[in-house]
Amino acid sequence: MDNKEKQILVTLISLILIFACYSLYVYNKYIADNFNIVNDFRFWGKTFLILIPVTIVSQIVIHIVFAIMNKIVTNEDLPTLSDERDKLIDLKAIRISHWIFTGGFLLWMVSQVIGMPPYAMFITLIVSGFFSGIVSEIAKIYFYRKGF
Amino acid sequence: MSKCYINNNIRKLRFNTDEMTQQELADKTGVTRQTIIAIENGKYSPTLELAFRIAHVFNSPLDEVFSFNSEDDSEITITKR
């Protein structure tokens with residue numbers, strides 16, 4: 001496994017960890033005691049807005065720690081160069097993730113048409129956003145390994 | 001996955017150029033070593049610009065470095081309007 005694939009794997013694992021920890025935190029702090037809060041749009045707005053910087057900062061910290069550990073263990077620097085193939089792989093992965101997020105968006109509309117509660121819409125959006133991120137990273141690993 | 005129709009002689013040319021390493025070729029062409037590996041293994045078709053850069057490093061014409069696999073011509077269909 002080359003350094004680029006390792007970086008993608010770290011992103012993938014950190015995405016899962018951050019999402020799982022944040023979801024558990026939100027559930028235990030807000031939803032467990034008062035389930036009715038899920039019908040409050042302000043709660044979901046706050047949840048979304050906090051999730052974005054938490055994800056960005058955590059990703060940066062995890063990647064810095066990984067770069068330091070990688071340097072200590074392998075004595076190699078992580079690649080900072082992004083060439084034409086990297087950009088093409090990024091674009092292909094982004095296209096796939098956009099399709100998945102669009103699927104989630106359609107599911108959200110379906111959930112409202114069949115009369116599901118409003119909080120189902122927010123859960124659908126968060127979950128589809130999460131899955132689109134995960135699939136995007138998996139697609140990158142696939143393209144790096146198999147070629148195209 | 002689309003099939004790669006471009007063959008190349010990069011490995012042979014590297015060997016003939018003082019056994020140039022993949023990393024050296026990557027540095028000279030401004031791409032990563034992984035991209036050179038992918039091109040050599042036929043897993044990635046480079047852009048025209050990168051193909052010219054690779055040929056320039058070996059001081060060879062483009063068709064000496066890359067060739068089109070004409071046996072697979074029959075599989076390619078071009079639709080004309």
# chains A, B, ... in the order shown; residues from 1 in each chain; ligands from 1
call {"tool": "closest_atom_pairs", "arguments": {"of": "segment 96-132 of chain A", "to": "segment 26-38 of chain A", "cutoff": "12 Å", "atoms": "only C-alpha atoms", "output": "JSON lines"}}
result
{"residue": "A:Pro117", "atom": "CA", "partner": "A:Val38", "partner_atom": "CA", "distance": 9.6}
{"residue": "A:Pro118", "atom": "CA", "partner": "A:Val38", "partner_atom": "CA", "distance": 8.6}
{"residue": "A:Tyr119", "atom": "CA", "partner": "A:Val38", "partner_atom": "CA", "distance": 5.9}
{"residue": "A:Ala120", "atom": "CA", "partner": "A:Val38", "partner_atom": "CA", "distance": 9.2}
{"residue": "A:Met121", "atom": "CA", "partner": "A:Val38", "partner_atom": "CA", "distance": 10.8}
{"residue": "A:Phe122", "atom": "CA", "partner": "A:Val38", "partner_atom": "CA", "distance": 9.2}
{"residue": "A:Ile123", "atom": "CA", "partner": "A:Val38", "partner_atom": "CA", "distance": 9.7}
call {"tool": "write_last_selection", "arguments": {"atoms": "N, CA, C and O atoms", "output": "PDB file, in the first residue's frame"}}
result
ATOM      1  N   PRO A 117     -42.121  11.769   9.610  1.00  0.00           N
ATOM      2  CA  PRO A 117     -41.918  12.999  10.384  1.00  0.00           C
ATOM      3  C   PRO A 117     -40.760  13.839   9.831  1.00  0.00           C
ATOM      4  O   PRO A 117     -39.848  13.287   9.189  1.00  0.00           O
ATOM      5  N   PRO A 118     -40.759  15.151  10.101  1.00  0.00           N
ATOM      6  CA  PRO A 118     -39.714  16.022   9.534  1.00  0.00           C
ATOM      7  C   PRO A 118     -38.290  15.623   9.909  1.00  0.00           C
ATOM      8  O   PRO A 118     -37.364  15.830   9.123  1.00  0.00           O
ATOM      9  N   TYR A 119     -38.112  15.056  11.104  1.00  0.00           N
ATOM     10  CA  TYR A 119     -36.736  14.716  11.488  1.00  0.00           C
ATOM     11  C   TYR A 119     -36.127  13.634  10.583  1.00  0.00           C
ATOM     12  O   TYR A 119     -34.906  13.520  10.479  1.00  0.00           O
ATOM     13  N   ALA A 120     -37.010  12.834   9.914  1.00  0.00           N
ATOM     14  CA  ALA A 120     -36.507  11.805   8.987  1.00  0.00           C
ATOM     15  C   ALA A 120     -35.727  12.465   7.855  1.00  0.00           C
ATOM     16  O   ALA A 120     -34.747  11.915   7.344  1.00  0.00           O
ATOM     17  N   MET A 121     -36.157  13.667   7.484  1.00  0.00           N
ATOM     18  CA  MET A 121     -35.494  14.409   6.412  1.00  0.00           C
ATOM     19  C   MET A 121     -34.053  14.757   6.812  1.00  0.00           C
ATOM     20  O   MET A 121     -33.119  14.570   6.035  1.00  0.00           O
ATOM     21  N   PHE A 122     -33.873  15.215   8.064  1.00  0.00           N
ATOM     22  CA  PHE A 122     -32.526  15.589   8.502  1.00  0.00           C
ATOM     23  C   PHE A 122     -31.635  14.358   8.649  1.00  0.00           C
ATOM     24  O   PHE A 122     -30.456  14.387   8.296  1.00  0.00           O
ATOM     25  N   ILE A 123     -32.230  13.289   9.192  1.00  0.00           N
ATOM     26  CA  ILE A 123     -31.446  12.052   9.346  1.00  0.00           C
ATOM     27  C   ILE A 123     -31.023  11.535   7.971  1.00  0.00           C
ATOM     28  O   ILE A 123     -29.870  11.148   7.772  1.00  0.00           O
TER      29      ILE A 123
END
call {"tool": "interface_residues", "arguments": {"of": "chain A", "to": "chain B", "cutoff": "9 Å", "atoms": "only C-alpha atoms", "output": "MDAnalysis selection string"}}
result
chainID A and resid 2 4 79 81:86 144 146:148
call {"tool": "write_last_selection", "arguments": {"atoms": "C-alpha atoms", "output": "CSV table (one decimal), in the first residue's frame"}}
result
chain,number,residue,atom,x,y,z
A,2,ASP,CA,1.6,3.3,-1.1
A,4,LYS,CA,-1.5,8.0,-1.1
A,79,PRO,CA,3.3,13.1,-0.9
A,81,LEU,CA,2.2,16.7,-5.0
A,82,SER,CA,-1.1,16.1,-6.7
A,83,ASP,CA,-0.6,15.2,-10.4
A,84,GLU,CA,-3.1,14.7,-13.3
A,85,ARG,CA,-4.0,11.2,-12.3
A,86,ASP,CA,-4.7,12.2,-8.7
A,144,TYR,CA,-5.7,3.8,-7.3
A,146,LYS,CA,-7.3,-1.1,-10.3
A,147,GLY,CA,-6.5,1.8,-12.6
A,148,PHE,CA,-8.9,3.2,-15.1
call {"tool": "select_by_dssp", "arguments": {"residues": "segment 35-78 of chain A", "states": "alpha helix (DSSP H)", "output": "PyMOL selection string"}}
result
chain A and resi 41-74
call {"tool": "residues_around", "arguments": {"residues": "Val65 of chain B", "least_positions_apart": "3", "cutoff": "9 Å", "atoms": "only C-alpha atoms", "output": "PyMOL selection string"}}
result
chain B and resi 7-10+13+51+54-55+58+60-62
call {"tool": "residues_around", "arguments": {"residues": "Lys140 of chain A", "least_positions_apart": "2", "cutoff": "12 Å", "atoms": "only C-alpha atoms", "output": "PDB file with N, CA and C atoms, in the first residue's frame"}}
result
ATOM      1  N   LYS A   4      -0.209   7.331  -0.671  1.00  0.00           N
ATOM      2  CA  LYS A   4      -1.470   7.965  -1.070  1.00  0.00           C
ATOM      3  C   LYS A   4      -2.656   7.124  -0.577  1.00  0.00           C
ATOM      4  N   GLU A   5      -2.541   5.809  -0.753  1.00  0.00           N
ATOM      5  CA  GLU A   5      -3.609   4.918  -0.291  1.00  0.00           C
ATOM      6  C   GLU A   5      -3.722   4.941   1.227  1.00  0.00           C
ATOM      7  N   LYS A   6      -2.578   5.037   1.889  1.00  0.00           N
ATOM      8  CA  LYS A   6      -2.594   5.116   3.361  1.00  0.00           C
ATOM      9  C   LYS A   6      -3.335   6.372   3.808  1.00  0.00           C
ATOM     10  N   GLN A   7      -3.048   7.501   3.122  1.00  0.00           N
ATOM     11  CA  GLN A   7      -3.715   8.770   3.461  1.00  0.00           C
ATOM     12  C   GLN A   7      -5.231   8.644   3.293  1.00  0.00           C
ATOM     13  N   ILE A   8      -5.644   7.995   2.205  1.00  0.00           N
ATOM     14  CA  ILE A   8      -7.082   7.835   1.950  1.00  0.00           C
ATOM     15  C   ILE A   8      -7.711   6.951   3.020  1.00  0.00           C
ATOM     16  N   LEU A   9      -6.986   5.890   3.401  1.00  0.00           N
ATOM     17  CA  LEU A   9      -7.486   4.985   4.438  1.00  0.00           C
ATOM     18  C   LEU A   9      -7.633   5.718   5.766  1.00  0.00           C
ATOM     19  N   THR A  11      -8.197   8.925   6.095  1.00  0.00           N
ATOM     20  CA  THR A  11      -9.376   9.792   5.940  1.00  0.00           C
ATOM     21  C   THR A  11     -10.656   8.994   6.145  1.00  0.00           C
ATOM     22  N   LEU A  12     -10.696   7.798   5.554  1.00  0.00           N
ATOM     23  CA  LEU A  12     -11.877   6.932   5.642  1.00  0.00           C
ATOM     24  C   LEU A  12     -12.160   6.552   7.099  1.00  0.00           C
ATOM     25  N   ARG A  85      -3.223  12.407 -12.596  1.00  0.00           N
ATOM     26  CA  ARG A  85      -3.952  11.174 -12.259  1.00  0.00           C
ATOM     27  C   ARG A  85      -4.684  11.345 -10.921  1.00  0.00           C
ATOM     28  N   ASP A  86      -4.022  11.970  -9.957  1.00  0.00           N
ATOM     29  CA  ASP A  86      -4.666  12.225  -8.660  1.00  0.00           C
ATOM     30  C   ASP A  86      -5.922  13.077  -8.851  1.00  0.00           C
ATOM     31  N   LYS A  87      -5.789  14.112  -9.686  1.00  0.00           N
ATOM     32  CA  LYS A  87      -6.920  15.018  -9.903  1.00  0.00           C
ATOM     33  C   LYS A  87      -8.080  14.291 -10.601  1.00  0.00           C
ATOM     34  N   LEU A  88      -7.720  13.427 -11.560  1.00  0.00           N
ATOM     35  CA  LEU A  88      -8.748  12.665 -12.276  1.00  0.00           C
ATOM     36  C   LEU A  88      -9.471  11.703 -11.328  1.00  0.00           C
ATOM     37  N   ILE A  89      -8.693  11.059 -10.468  1.00  0.00           N
ATOM     38  CA  ILE A  89      -9.287  10.137  -9.489  1.00  0.00           C
ATOM     39  C   ILE A  89     -10.192  10.912  -8.534  1.00  0.00           C
ATOM     40  N   ASP A  90      -9.723  12.082  -8.085  1.00  0.00           N
ATOM     41  CA  ASP A  90     -10.548  12.937  -7.201  1.00  0.00           C
ATOM     42  C   ASP A  90     -11.877  13.284  -7.880  1.00  0.00           C
ATOM     43  N   LEU A  91     -11.790  13.670  -9.142  1.00  0.00           N
ATOM     44  CA  LEU A  91     -13.004  14.063  -9.868  1.00  0.00           C
ATOM     45  C   LEU A  91     -13.984  12.894 -10.003  1.00  0.00           C
ATOM     46  N   LYS A  92     -13.442  11.711 -10.317  1.00  0.00           N
ATOM     47  CA  LYS A  92     -14.306  10.532 -10.465  1.00  0.00           C
ATOM     48  C   LYS A  92     -14.961  10.185  -9.134  1.00  0.00           C
ATOM     49  N   ALA A  93     -14.175  10.273  -8.055  1.00  0.00           N
ATOM     50  CA  ALA A  93     -14.712   9.945  -6.720  1.00  0.00           C
ATOM     51  C   ALA A  93     -15.778  10.966  -6.316  1.00  0.00           C
ATOM     52  N   ILE A  94     -15.528  12.241  -6.628  1.00  0.00           N
ATOM     53  CA  ILE A  94     -16.502  13.292  -6.287  1.00  0.00           C
ATOM     54  C   ILE A  94     -17.803  13.062  -7.061  1.00  0.00           C
ATOM     55  N   ARG A  95     -17.672  12.650  -8.326  1.00  0.00           N
ATOM     56  CA  ARG A  95     -18.874  12.398  -9.134  1.00  0.00           C
ATOM     57  C   ARG A  95     -19.723  11.298  -8.497  1.00  0.00           C
ATOM     58  N   ILE A  96     -19.060  10.229  -8.057  1.00  0.00           N
ATOM     59  CA  ILE A  96     -19.790   9.118  -7.420  1.00  0.00           C
ATOM     60  C   ILE A  96     -20.460   9.597  -6.133  1.00  0.00           C
ATOM     61  N   SER A  97     -19.708  10.377  -5.328  1.00  0.00           N
ATOM     62  CA  SER A  97     -20.280  10.835  -4.052  1.00  0.00           C
ATOM     63  C   SER A  97     -21.464  11.778  -4.294  1.00  0.00           C
ATOM     64  N   GLY A 133     -19.430  10.517   1.518  1.00  0.00           N
ATOM     65  CA  GLY A 133     -18.024  10.706   1.883  1.00  0.00           C
ATOM     66  C   GLY A 133     -17.277   9.387   1.938  1.00  0.00           C
ATOM     67  N   ILE A 134     -17.920   8.385   2.552  1.00  0.00           N
ATOM     68  CA  ILE A 134     -17.300   7.062   2.690  1.00  0.00           C
ATOM     69  C   ILE A 134     -17.077   6.429   1.311  1.00  0.00           C
ATOM     70  N   VAL A 135     -18.121   6.459   0.483  1.00  0.00           N
ATOM     71  CA  VAL A 135     -18.018   5.835  -0.844  1.00  0.00           C
ATOM     72  C   VAL A 135     -16.976   6.553  -1.703  1.00  0.00           C
ATOM     73  N   SER A 136     -16.891   7.876  -1.534  1.00  0.00           N
ATOM     74  CA  SER A 136     -15.899   8.648  -2.284  1.00  0.00           C
ATOM     75  C   SER A 136     -14.483   8.158  -1.962  1.00  0.00           C
ATOM     76  N   GLU A 137     -14.206   7.926  -0.674  1.00  0.00           N
ATOM     77  CA  GLU A 137     -12.869   7.466  -0.283  1.00  0.00           C
ATOM     78  C   GLU A 137     -12.618   6.036  -0.776  1.00  0.00           C
ATOM     79  N   ILE A 138     -13.654   5.189  -0.676  1.00  0.00           N
ATOM     80  CA  ILE A 138     -13.507   3.804  -1.148  1.00  0.00           C
ATOM     81  C   ILE A 138     -13.262   3.795  -2.666  1.00  0.00           C
ATOM     82  N   TYR A 142     -10.171   2.252  -4.814  1.00  0.00           N
ATOM     83  CA  TYR A 142     -10.435   1.344  -5.946  1.00  0.00           C
ATOM     84  C   TYR A 142      -9.706   1.833  -7.203  1.00  0.00           C
ATOM     85  N   PHE A 143      -9.836   3.122  -7.513  1.00  0.00           N
ATOM     86  CA  PHE A 143      -9.204   3.650  -8.729  1.00  0.00           C
ATOM     87  C   PHE A 143      -7.674   3.607  -8.636  1.00  0.00           C
ATOM     88  N   TYR A 144      -7.137   3.876  -7.445  1.00  0.00           N
ATOM     89  CA  TYR A 144      -5.682   3.818  -7.295  1.00  0.00           C
ATOM     90  C   TYR A 144      -5.168   2.397  -7.485  1.00  0.00           C
ATOM     91  N   ARG A 145      -5.955   1.416  -7.014  1.00  0.00           N
ATOM     92  CA  ARG A 145      -5.505   0.019  -7.083  1.00  0.00           C
ATOM     93  C   ARG A 145      -5.714  -0.589  -8.460  1.00  0.00           C
ATOM     94  N   LYS A 146      -6.905  -0.382  -9.028  1.00  0.00           N
ATOM     95  CA  LYS A 146      -7.270  -1.065 -10.272  1.00  0.00           C
ATOM     96  C   LYS A 146      -6.891  -0.280 -11.521  1.00  0.00           C
ATOM     97  N   GLY A 147      -6.723   1.019 -11.387  1.00  0.00           N
ATOM     98  CA  GLY A 147      -6.485   1.833 -12.580  1.00  0.00           C
ATOM     99  C   GLY A 147      -7.773   2.084 -13.320  1.00  0.00           C
ATOM    100  N   PHE A 148      -7.703   2.883 -14.356  1.00  0.00           N
ATOM    101  CA  PHE A 148      -8.921   3.160 -15.142  1.00  0.00           C
ATOM    102  C   PHE A 148      -8.536   3.611 -16.532  1.00  0.00           C
TER     103      PHE A 148
END
call {"tool": "atom_distance", "arguments": {"atom1": "atom CA of Lys28 of chain B", "atom2": "atom CA of Asn70 of chain A"}}
result
25.6 Å
